[in-house]
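Chemist: Before I ask anything, here is the structure I am working with.
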There are 2 protein chains.
Amino acid sequence: MSVGDARPLRIVAVCGSLRAASKNRALLEAAQLLAPHGVEIALDWSLATLPHFNPDLDTLDGTSLPPEAVAWRATIAIADGLLISTPEYAHGIPGVLKNALDWLVSSTDFPGKPVALLGASAMSVIAPVQLREILVTMNGRFVSEASVTIPVPGAGASAAAIVADPELSAMLRGALEAFVGAIGESE
Amino acid sequence: MSVGDARPLRIVAVCGSLRAASKNRALLEAAQLLAPHGVEIALDWSLATLPHFNPDLDTLDGTSLPPEAVAWRATIAIADGLLISTPEYAHGIPGVLKNALDWLVSSTDFPGKPVALLGASAMSVIAPVQLREILVTMNGRFVSEASVTIPVPGAGASAAAIVADPELSAMLRGALEAFVGAIGESE
(Lines give C-alpha, C1' and ligand atoms only; values in the text may rest on other atoms or scores of the structure.)
Protein backbone atom coordinates (compact mmCIF):
# COMPACT_ATOMS: atom_id res chain seq x y z
CA MET A 1 0.00 0.00 0.00
CA SER A 2 1.03 3.63 -0.31
CA VAL A 3 0.40 6.69 1.81
CA GLY A 4 -2.52 7.63 -0.40
CA ASP A 5 -4.52 4.55 0.49
CA ALA A 6 -7.47 4.68 2.84
CA ARG A 7 -5.74 2.73 5.60
CA PRO A 8 -3.08 4.73 7.40
CA LEU A 9 0.46 3.43 7.16
CA ARG A 10 1.26 1.83 10.51
CA ILE A 11 4.75 2.21 11.94
CA VAL A 12 5.55 0.49 15.22
CA ALA A 13 8.09 2.39 17.30
CA VAL A 14 10.21 0.61 19.90
CA CYS A 15 12.45 2.27 22.48
CA GLY A 16 15.46 0.33 23.76
CA SER A 17 15.44 2.07 27.14
CA LEU A 18 12.93 1.58 29.96
CA ARG A 19 14.02 4.87 31.57
CA ALA A 20 11.02 7.18 31.97
CA ALA A 21 12.97 10.27 30.89
CA SER A 22 14.77 8.48 28.04
CA LYS A 23 15.98 10.70 25.19
CA ASN A 24 15.23 7.85 22.82
CA ARG A 25 11.66 7.71 24.07
CA ALA A 26 11.32 11.49 23.67
CA LEU A 27 12.59 11.14 20.12
CA LEU A 28 9.97 8.52 19.28
CA GLU A 29 7.24 10.61 20.90
CA ALA A 30 8.41 13.54 18.78
CA ALA A 31 8.20 11.27 15.74
CA GLN A 32 4.58 10.56 16.66
CA LEU A 33 3.89 14.30 16.76
CA LEU A 34 5.62 14.84 13.41
CA ALA A 35 4.17 11.79 11.66
CA PRO A 36 3.46 12.57 8.01
CA HIS A 37 -0.17 12.70 6.88
CA GLY A 38 -1.65 9.22 6.57
CA VAL A 39 0.98 7.69 8.85
CA GLU A 40 0.30 6.37 12.32
CA ILE A 41 3.27 5.81 14.64
CA ALA A 42 2.46 3.56 17.62
CA LEU A 43 4.91 3.42 20.51
CA ASP A 44 5.00 -0.21 21.61
CA TRP A 45 6.30 -1.45 24.98
CA SER A 46 6.04 -5.20 24.43
CA LEU A 47 9.75 -5.51 25.15
CA ALA A 48 9.14 -4.55 28.80
CA THR A 49 6.82 -7.50 29.43
CA LEU A 50 8.29 -10.18 27.17
CA PRO A 51 9.82 -13.08 29.09
CA HIS A 52 13.44 -13.98 28.51
CA PHE A 53 13.81 -15.77 25.19
CA ASN A 54 14.06 -19.54 25.49
CA PRO A 55 14.50 -21.61 22.31
CA ASP A 56 12.63 -24.49 23.98
CA LEU A 57 9.47 -22.35 23.86
CA ASP A 58 10.03 -21.32 20.24
CA THR A 59 8.95 -24.57 18.60
CA LEU A 60 8.06 -24.84 14.93
CA ASP A 61 4.32 -25.25 15.57
CA GLY A 62 4.27 -22.21 17.87
CA THR A 63 2.18 -23.96 20.53
CA SER A 64 4.71 -23.32 23.29
CA LEU A 65 5.11 -19.59 22.64
CA PRO A 66 4.37 -17.40 25.68
CA PRO A 67 1.29 -15.19 25.08
CA GLU A 68 3.47 -12.06 25.26
CA ALA A 69 5.60 -13.39 22.39
CA VAL A 70 2.47 -14.21 20.36
CA ALA A 71 1.21 -10.64 20.87
CA TRP A 72 4.60 -9.11 20.02
CA ARG A 73 4.83 -11.09 16.78
CA ALA A 74 1.28 -10.05 15.89
CA THR A 75 2.20 -6.41 16.52
CA ILE A 76 5.11 -6.73 14.11
CA ALA A 77 3.04 -8.71 11.60
CA ILE A 78 0.53 -5.90 11.11
CA ALA A 79 3.16 -3.13 11.05
CA ASP A 80 4.25 -1.62 7.76
CA GLY A 81 7.57 -0.70 9.32
CA LEU A 82 9.56 -0.88 12.56
CA LEU A 83 11.23 2.23 13.96
CA ILE A 84 13.81 1.64 16.69
CA SER A 85 15.50 4.18 18.91
CA THR A 86 17.90 2.88 21.50
CA PRO A 87 20.71 3.92 23.76
CA GLU A 88 24.00 2.06 23.89
CA TYR A 89 24.95 0.26 27.13
CA ALA A 90 28.65 -0.57 27.46
CA HIS A 91 29.13 -0.45 23.67
CA GLY A 92 26.27 -2.92 23.23
CA ILE A 93 22.55 -3.05 22.58
CA PRO A 94 20.34 -3.07 25.70
CA GLY A 95 19.55 -6.67 26.60
CA VAL A 96 15.85 -5.90 26.82
CA LEU A 97 15.81 -4.81 23.15
CA LYS A 98 17.86 -7.74 21.89
CA ASN A 99 15.58 -10.09 23.82
CA ALA A 100 12.56 -8.72 21.93
CA LEU A 101 14.42 -9.26 18.65
CA ASP A 102 15.38 -12.81 19.72
CA TRP A 103 11.67 -13.63 19.86
CA LEU A 104 11.32 -12.49 16.22
CA VAL A 105 14.23 -14.47 14.76
CA SER A 106 12.10 -17.47 13.79
CA SER A 107 9.00 -15.39 12.99
CA THR A 108 7.81 -15.56 9.39
CA ASP A 109 6.52 -11.98 9.58
CA PHE A 110 9.80 -10.20 10.21
CA PRO A 111 11.74 -11.01 7.01
CA GLY A 112 11.41 -8.14 4.56
CA LYS A 113 10.01 -5.78 7.21
CA PRO A 114 11.34 -2.23 6.69
CA VAL A 115 13.35 -1.12 9.75
CA ALA A 116 14.93 2.22 10.59
CA LEU A 117 17.11 3.24 13.53
CA LEU A 118 16.93 6.67 15.10
CA GLY A 119 19.91 7.53 17.28
CA ALA A 120 19.54 10.16 20.00
CA SER A 121 23.22 10.55 20.83
CA ALA A 122 26.23 11.18 18.63
CA MET A 123 28.27 9.25 21.23
CA SER A 124 26.53 5.96 20.37
CA VAL A 125 28.38 4.57 17.39
CA ILE A 126 29.08 0.92 18.21
CA ALA A 127 25.65 -0.43 19.20
CA PRO A 128 23.98 0.86 15.99
CA VAL A 129 26.50 -1.10 13.90
CA GLN A 130 25.79 -4.26 15.93
CA LEU A 131 22.05 -3.67 15.67
CA ARG A 132 22.18 -3.21 11.92
CA GLU A 133 24.15 -6.44 11.58
CA ILE A 134 21.55 -8.28 13.68
CA LEU A 135 18.56 -6.83 11.78
CA VAL A 136 20.09 -7.67 8.41
CA THR A 137 20.91 -11.19 9.64
CA MET A 138 17.23 -11.51 10.58
CA ASN A 139 16.38 -10.53 6.99
CA GLY A 140 14.86 -7.22 7.98
CA ARG A 141 14.96 -4.57 5.25
CA PHE A 142 17.25 -1.99 6.79
CA VAL A 143 16.44 1.49 5.49
CA SER A 144 19.76 3.36 5.67
CA GLU A 145 18.40 6.67 4.38
CA ALA A 146 15.93 6.81 7.28
CA SER A 147 18.45 5.80 9.92
CA VAL A 148 20.00 8.94 11.33
CA THR A 149 21.38 10.27 14.58
CA ILE A 150 19.46 13.23 15.93
CA PRO A 151 21.57 14.74 18.72
CA VAL A 152 18.93 15.33 21.41
CA PRO A 153 20.57 17.67 23.94
CA GLY A 154 20.86 16.89 27.66
CA ALA A 155 18.85 14.50 29.77
CA GLY A 156 15.11 14.92 30.25
CA ALA A 157 14.53 16.44 26.81
CA SER A 158 10.84 16.34 25.96
CA ALA A 159 9.17 15.45 22.71
CA ALA A 160 7.74 18.96 22.61
CA ALA A 161 11.24 20.48 22.88
CA ILE A 162 12.47 18.32 20.00
CA VAL A 163 9.49 19.32 17.86
CA ALA A 164 10.05 23.00 18.73
CA ASP A 165 13.73 22.86 17.70
CA PRO A 166 13.86 23.77 13.97
CA GLU A 167 17.02 21.79 13.24
CA LEU A 168 16.12 18.64 15.19
CA SER A 169 12.55 18.56 13.92
CA ALA A 170 13.72 19.02 10.32
CA MET A 171 16.10 16.07 10.70
CA LEU A 172 13.35 13.96 12.22
CA ARG A 173 10.82 14.92 9.53
CA GLY A 174 13.38 14.06 6.87
CA ALA A 175 14.05 10.65 8.37
CA LEU A 176 10.33 9.87 8.64
CA GLU A 177 9.69 10.95 5.05
CA ALA A 178 12.58 8.78 3.86
CA PHE A 179 11.19 5.85 5.83
CA VAL A 180 7.66 6.27 4.52
CA GLY A 181 9.05 6.59 1.00
CA ALA A 182 11.02 3.37 1.36
CA ILE A 183 8.00 1.54 2.79
CA GLY A 184 5.93 2.73 -0.17
CA GLU A 185 8.49 1.41 -2.64
CA SER A 186 8.44 -2.04 -1.06
CA GLU A 187 4.70 -2.60 -1.27
CA MET B 1 44.49 -15.42 46.66
CA SER B 2 46.08 -18.30 44.83
CA VAL B 3 45.03 -21.88 44.23
CA GLY B 4 47.20 -23.02 47.14
CA ASP B 5 45.15 -21.11 49.71
CA ALA B 6 42.67 -22.83 52.00
CA ARG B 7 39.62 -21.29 50.33
CA PRO B 8 38.82 -22.77 46.94
CA LEU B 9 38.97 -20.45 43.98
CA ARG B 10 35.40 -19.65 43.05
CA ILE B 11 34.50 -19.30 39.38
CA VAL B 12 30.95 -18.35 38.48
CA ALA B 13 29.79 -19.86 35.18
CA VAL B 14 26.99 -18.28 33.18
CA CYS B 15 25.27 -19.80 30.16
CA GLY B 16 23.75 -17.43 27.58
CA SER B 17 21.09 -19.92 26.51
CA LEU B 18 18.04 -21.01 28.51
CA ARG B 19 17.64 -24.11 26.31
CA ALA B 20 17.66 -27.26 28.46
CA ALA B 21 19.83 -29.18 25.99
CA SER B 22 22.14 -26.23 25.28
CA LYS B 23 25.65 -27.12 24.06
CA ASN B 24 26.94 -24.11 25.98
CA ARG B 25 25.38 -25.43 29.17
CA ALA B 26 26.88 -28.88 28.54
CA LEU B 27 30.27 -27.22 28.09
CA LEU B 28 30.00 -25.41 31.41
CA GLU B 29 28.84 -28.60 33.15
CA ALA B 30 31.86 -30.36 31.64
CA ALA B 31 34.02 -27.52 32.99
CA GLN B 32 32.59 -28.24 36.45
CA LEU B 33 33.58 -31.90 36.09
CA LEU B 34 37.09 -30.96 34.94
CA ALA B 35 37.66 -28.14 37.44
CA PRO B 36 41.29 -28.10 38.56
CA HIS B 37 42.04 -29.02 42.17
CA GLY B 38 41.12 -26.21 44.55
CA VAL B 39 38.74 -24.63 42.04
CA GLU B 40 34.98 -24.57 42.41
CA ILE B 41 32.90 -23.76 39.33
CA ALA B 42 29.32 -22.75 40.15
CA LEU B 43 26.77 -22.64 37.34
CA ASP B 44 24.62 -19.59 38.02
CA TRP B 45 21.18 -18.96 36.50
CA SER B 46 20.51 -15.47 37.85
CA LEU B 47 20.09 -14.24 34.28
CA ALA B 48 16.88 -16.27 33.93
CA THR B 49 15.15 -14.47 36.81
CA LEU B 50 16.61 -10.94 36.53
CA PRO B 51 14.02 -8.35 35.52
CA HIS B 52 14.65 -6.26 32.43
CA PHE B 53 17.27 -3.62 33.16
CA ASN B 54 15.85 -0.19 33.89
CA PRO B 55 18.27 2.69 34.60
CA ASP B 56 15.62 4.30 36.82
CA LEU B 57 16.08 1.40 39.28
CA ASP B 58 19.88 1.59 39.13
CA THR B 59 20.33 4.65 41.33
CA LEU B 60 23.63 5.61 42.91
CA ASP B 61 22.53 4.66 46.43
CA GLY B 62 21.29 1.27 45.25
CA THR B 63 18.03 1.51 47.21
CA SER B 64 15.86 0.96 44.13
CA LEU B 65 17.67 -2.14 42.88
CA PRO B 66 15.41 -5.17 42.44
CA PRO B 67 16.36 -7.98 44.87
CA GLU B 68 17.35 -10.21 41.94
CA ALA B 69 19.87 -7.58 40.82
CA VAL B 70 21.24 -7.25 44.36
CA ALA B 71 21.73 -11.03 44.52
CA TRP B 72 23.33 -11.16 41.06
CA ARG B 73 25.81 -8.43 41.95
CA ALA B 74 26.64 -10.22 45.20
CA THR B 75 27.25 -13.44 43.24
CA ILE B 76 29.71 -11.61 41.01
CA ALA B 77 31.27 -9.77 43.96
CA ILE B 78 32.36 -12.96 45.70
CA ALA B 79 33.52 -14.67 42.47
CA ASP B 80 37.21 -14.83 41.63
CA GLY B 81 36.34 -15.07 37.96
CA LEU B 82 33.41 -15.17 35.53
CA LEU B 83 33.21 -17.87 32.88
CA ILE B 84 30.69 -17.27 30.09
CA SER B 85 29.54 -19.65 27.40
CA THR B 86 26.92 -18.41 25.01
CA PRO B 87 25.37 -19.10 21.66
CA GLU B 88 24.98 -16.40 19.02
CA TYR B 89 21.48 -15.34 18.00
CA ALA B 90 21.24 -13.53 14.65
CA HIS B 91 24.91 -12.48 14.86
CA GLY B 92 24.30 -10.98 18.31
CA ILE B 93 24.50 -11.85 21.98
CA PRO B 94 21.34 -13.36 23.50
CA GLY B 95 19.32 -10.53 25.04
CA VAL B 96 18.99 -12.44 28.30
CA LEU B 97 22.78 -12.47 28.73
CA LYS B 98 23.26 -8.82 27.79
CA ASN B 99 20.49 -7.90 30.22
CA ALA B 100 22.41 -9.57 33.06
CA LEU B 101 25.52 -7.63 32.06
CA ASP B 102 23.51 -4.38 31.89
CA TRP B 103 22.76 -4.82 35.60
CA LEU B 104 26.52 -4.99 36.28
CA VAL B 105 27.59 -1.90 34.33
CA SER B 106 27.37 0.43 37.32
CA SER B 107 28.46 -2.19 39.86
CA THR B 108 31.71 -1.46 41.68
CA ASP B 109 32.51 -5.17 41.91
CA PHE B 110 32.77 -5.95 38.22
CA PRO B 111 35.74 -3.77 37.18
CA GLY B 112 38.91 -5.82 37.16
CA LYS B 113 37.02 -9.12 37.39
CA PRO B 114 38.70 -11.82 35.28
CA VAL B 115 36.37 -13.03 32.52
CA ALA B 116 36.75 -15.82 29.99
CA LEU B 117 34.50 -16.87 27.11
CA LEU B 118 34.05 -20.47 26.09
CA GLY B 119 32.53 -20.92 22.66
CA ALA B 120 30.74 -24.16 21.80
CA SER B 121 30.42 -23.60 18.06
CA ALA B 122 32.99 -22.67 15.44
CA MET B 123 30.14 -20.96 13.56
CA SER B 124 29.76 -18.27 16.23
CA VAL B 125 32.33 -15.64 15.39
CA ILE B 126 30.49 -12.31 15.56
CA ALA B 127 28.81 -12.39 19.00
CA PRO B 128 32.09 -13.24 20.80
CA VAL B 129 33.70 -10.11 19.33
CA GLN B 130 30.73 -7.98 20.47
CA LEU B 131 30.80 -9.60 23.90
CA ARG B 132 34.51 -8.99 24.34
CA GLU B 133 34.02 -5.32 23.38
CA ILE B 134 31.23 -5.02 25.96
CA LEU B 135 33.17 -6.75 28.74
CA VAL B 136 36.25 -4.62 28.14
CA THR B 137 34.09 -1.47 28.07
CA MET B 138 32.74 -2.57 31.47
CA ASN B 139 36.36 -2.77 32.67
CA GLY B 140 36.29 -6.53 33.05
CA ARG B 141 39.71 -8.18 32.73
CA PHE B 142 39.27 -10.25 29.59
CA VAL B 143 41.49 -13.33 29.68
CA SER B 144 42.21 -14.07 26.01
CA GLU B 145 44.34 -17.15 26.66
CA ALA B 146 41.40 -18.81 28.43
CA SER B 147 38.83 -17.82 25.82
CA VAL B 148 38.61 -20.58 23.27
CA THR B 149 36.07 -22.25 21.02
CA ILE B 150 35.53 -25.91 21.79
CA PRO B 151 33.55 -27.37 18.89
CA VAL B 152 30.93 -29.46 20.72
CA PRO B 153 29.43 -31.77 18.09
CA GLY B 154 25.70 -31.94 17.36
CA ALA B 155 22.77 -30.93 19.50
CA GLY B 156 22.10 -32.59 22.82
CA ALA B 157 25.77 -33.27 23.61
CA SER B 158 26.16 -34.06 27.29
CA ALA B 159 28.81 -32.89 29.71
CA ALA B 160 29.85 -36.53 30.14
CA ALA B 161 30.38 -36.90 26.37
CA ILE B 162 32.57 -33.78 26.32
CA VAL B 163 34.62 -35.05 29.26
CA ALA B 164 34.98 -38.46 27.58
CA ASP B 165 36.28 -36.94 24.33
CA PRO B 166 40.09 -36.73 24.65
CA GLU B 167 40.47 -33.75 22.32
CA LEU B 168 37.57 -31.67 23.66
CA SER B 169 38.41 -32.36 27.30
CA ALA B 170 42.07 -31.46 26.71
CA MET B 171 41.03 -28.13 25.18
CA LEU B 172 38.68 -27.44 28.07
CA ARG B 173 41.27 -28.39 30.70
CA GLY B 174 43.78 -26.12 28.99
CA ALA B 175 41.37 -23.17 28.99
CA LEU B 176 40.51 -23.69 32.66
CA GLU B 177 44.18 -23.92 33.64
CA ALA B 178 44.92 -20.74 31.71
CA PHE B 179 42.00 -19.01 33.42
CA VAL B 180 43.04 -20.14 36.90
CA GLY B 181 46.61 -19.05 36.15
CA ALA B 182 45.44 -15.61 35.07
CA ILE B 183 43.24 -15.25 38.15
CA GLY B 184 46.20 -16.20 40.34
CA GLU B 185 48.37 -13.52 38.72
CA SER B 186 45.82 -10.81 39.39
CA GLU B 187 45.40 -11.37 43.11
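Ordered as shown in the C-alpha coordinates, chains take letters A, B, and onward, while each chain numbers its residues from 1 and ligands are numbered from 1 in the order shown.
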Go through chain A residue by residue and, counting only C-alpha atoms, keep those with an atom at most 8 Å from chain B; for each kept residue give the shortest atom pair and its distance in Å to one decimal, ordered by chain and increasing number, as JSON lines.
Modeler:
```
{"residue": "A:Ser17", "atom": "CA", "partner": "B:Asn54", "partner_atom": "CA", "distance": 7.1}
{"residue": "A:Leu18", "atom": "CA", "partner": "B:Asn54", "partner_atom": "CA", "distance": 5.2}
{"residue": "A:Arg19", "atom": "CA", "partner": "B:Asp56", "partner_atom": "CA", "distance": 5.5}
{"residue": "A:Ala20", "atom": "CA", "partner": "B:Asp56", "partner_atom": "CA", "distance": 7.3}
{"residue": "A:Ala48", "atom": "CA", "partner": "B:His52", "partner_atom": "CA", "distance": 6.8}
{"residue": "A:His52", "atom": "CA", "partner": "B:Val96", "partner_atom": "CA", "distance": 5.8}
{"residue": "A:Phe53", "atom": "CA", "partner": "B:Val96", "partner_atom": "CA", "distance": 6.9}
{"residue": "A:Asn54", "atom": "CA", "partner": "B:Leu18", "partner_atom": "CA", "distance": 5.2}
{"residue": "A:Pro55", "atom": "CA", "partner": "B:Arg19", "partner_atom": "CA", "distance": 5.7}
{"residue": "A:Asp56", "atom": "CA", "partner": "B:Arg19", "partner_atom": "CA", "distance": 5.5}
{"residue": "A:Tyr89", "atom": "CA", "partner": "B:Asp102", "partner_atom": "CA", "distance": 6.8}
{"residue": "A:Ala90", "atom": "CA", "partner": "B:Ile134", "partner_atom": "CA", "distance": 5.4}
{"residue": "A:His91", "atom": "CA", "partner": "B:Ile134", "partner_atom": "CA", "distance": 5.5}
{"residue": "A:Gly92", "atom": "CA", "partner": "B:Ile134", "partner_atom": "CA", "distance": 6.0}
{"residue": "A:Ile93", "atom": "CA", "partner": "B:Lys98", "partner_atom": "CA", "distance": 7.8}
{"residue": "A:Pro94", "atom": "CA", "partner": "B:Asn99", "partner_atom": "CA", "distance": 6.6}
{"residue": "A:Gly95", "atom": "CA", "partner": "B:Asn99", "partner_atom": "CA", "distance": 3.9}
{"residue": "A:Val96", "atom": "CA", "partner": "B:His52", "partner_atom": "CA", "distance": 5.8}
{"residue": "A:Leu97", "atom": "CA", "partner": "B:Gly95", "partner_atom": "CA", "distance": 7.0}
{"residue": "A:Lys98", "atom": "CA", "partner": "B:Gly95", "partner_atom": "CA", "distance": 4.5}
{"residue": "A:Asn99", "atom": "CA", "partner": "B:Gly95", "partner_atom": "CA", "distance": 4.0}
{"residue": "A:Ala100", "atom": "CA", "partner": "B:Gly95", "partner_atom": "CA", "distance": 7.7}
{"residue": "A:Asp102", "atom": "CA", "partner": "B:Tyr89", "partner_atom": "CA", "distance": 6.8}
{"residue": "A:Val105", "atom": "CA", "partner": "B:Ala90", "partner_atom": "CA", "distance": 7.1}
{"residue": "A:Gln130", "atom": "CA", "partner": "B:Gly92", "partner_atom": "CA", "distance": 7.3}
{"residue": "A:Glu133", "atom": "CA", "partner": "B:His91", "partner_atom": "CA", "distance": 6.9}
{"residue": "A:Ile134", "atom": "CA", "partner": "B:Ala90", "partner_atom": "CA", "distance": 5.3}
{"residue": "A:Leu135", "atom": "CA", "partner": "B:Ala90", "partner_atom": "CA", "distance": 7.8}
{"residue": "A:Thr137", "atom": "CA", "partner": "B:Ala90", "partner_atom": "CA", "distance": 5.5}
{"residue": "A:Met138", "atom": "CA", "partner": "B:Ala90", "partner_atom": "CA", "distance": 6.1}
```
Chemist: Name the residues in contact with A:Val180 at a cut-off of 12 Å, using only C-alpha atoms, excluding same-chain residues fewer than 3 positions from it; report them as a ChimeraX atom specification.
Modeler: /A:1-4,8-11,35-41,80-83,114-116,143,145-146,173-177,183-187
Chemist: Among the residues of stretch 63-167 of chain B, find those DSSP assigns to alpha helix (DSSP H) from the backbone and print them as a ChimeraX atom specification.
Modeler: /B:67-77,95-102,127-137,159-164,166-167
Chemist: Considering only C-alpha atoms, state which residue in the set B:Gly62, B:Ile162, B:Pro111, B:Ile76 is at the smallest distance from B:Val14.
Modeler: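 Between B:Gly62, B:Ile162, B:Pro111, B:Ile76, the residue approaching B:Val14 most closely is B:Ile76.
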Chemist: Atom CA of B:Met123 and atom CA of B:Ala164, how far apart in Å?
Modeler: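 Rounded to one decimal, the two atoms are 22.9 Å apart.
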Chemist: Under the rule that only C-alpha atoms are counted, which of B:Leu60, B:Leu104, B:Val12, B:Ala30 is the nearest residue to B:Met171?
Modeler: B:Ala30
Chemist: Report, in Å with one decimal, the straight-line distance from atom CA of B:Ala178 to atom CA of B:Trp45.
Modeler: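 Between these atoms lies a distance of 24.3 Å.
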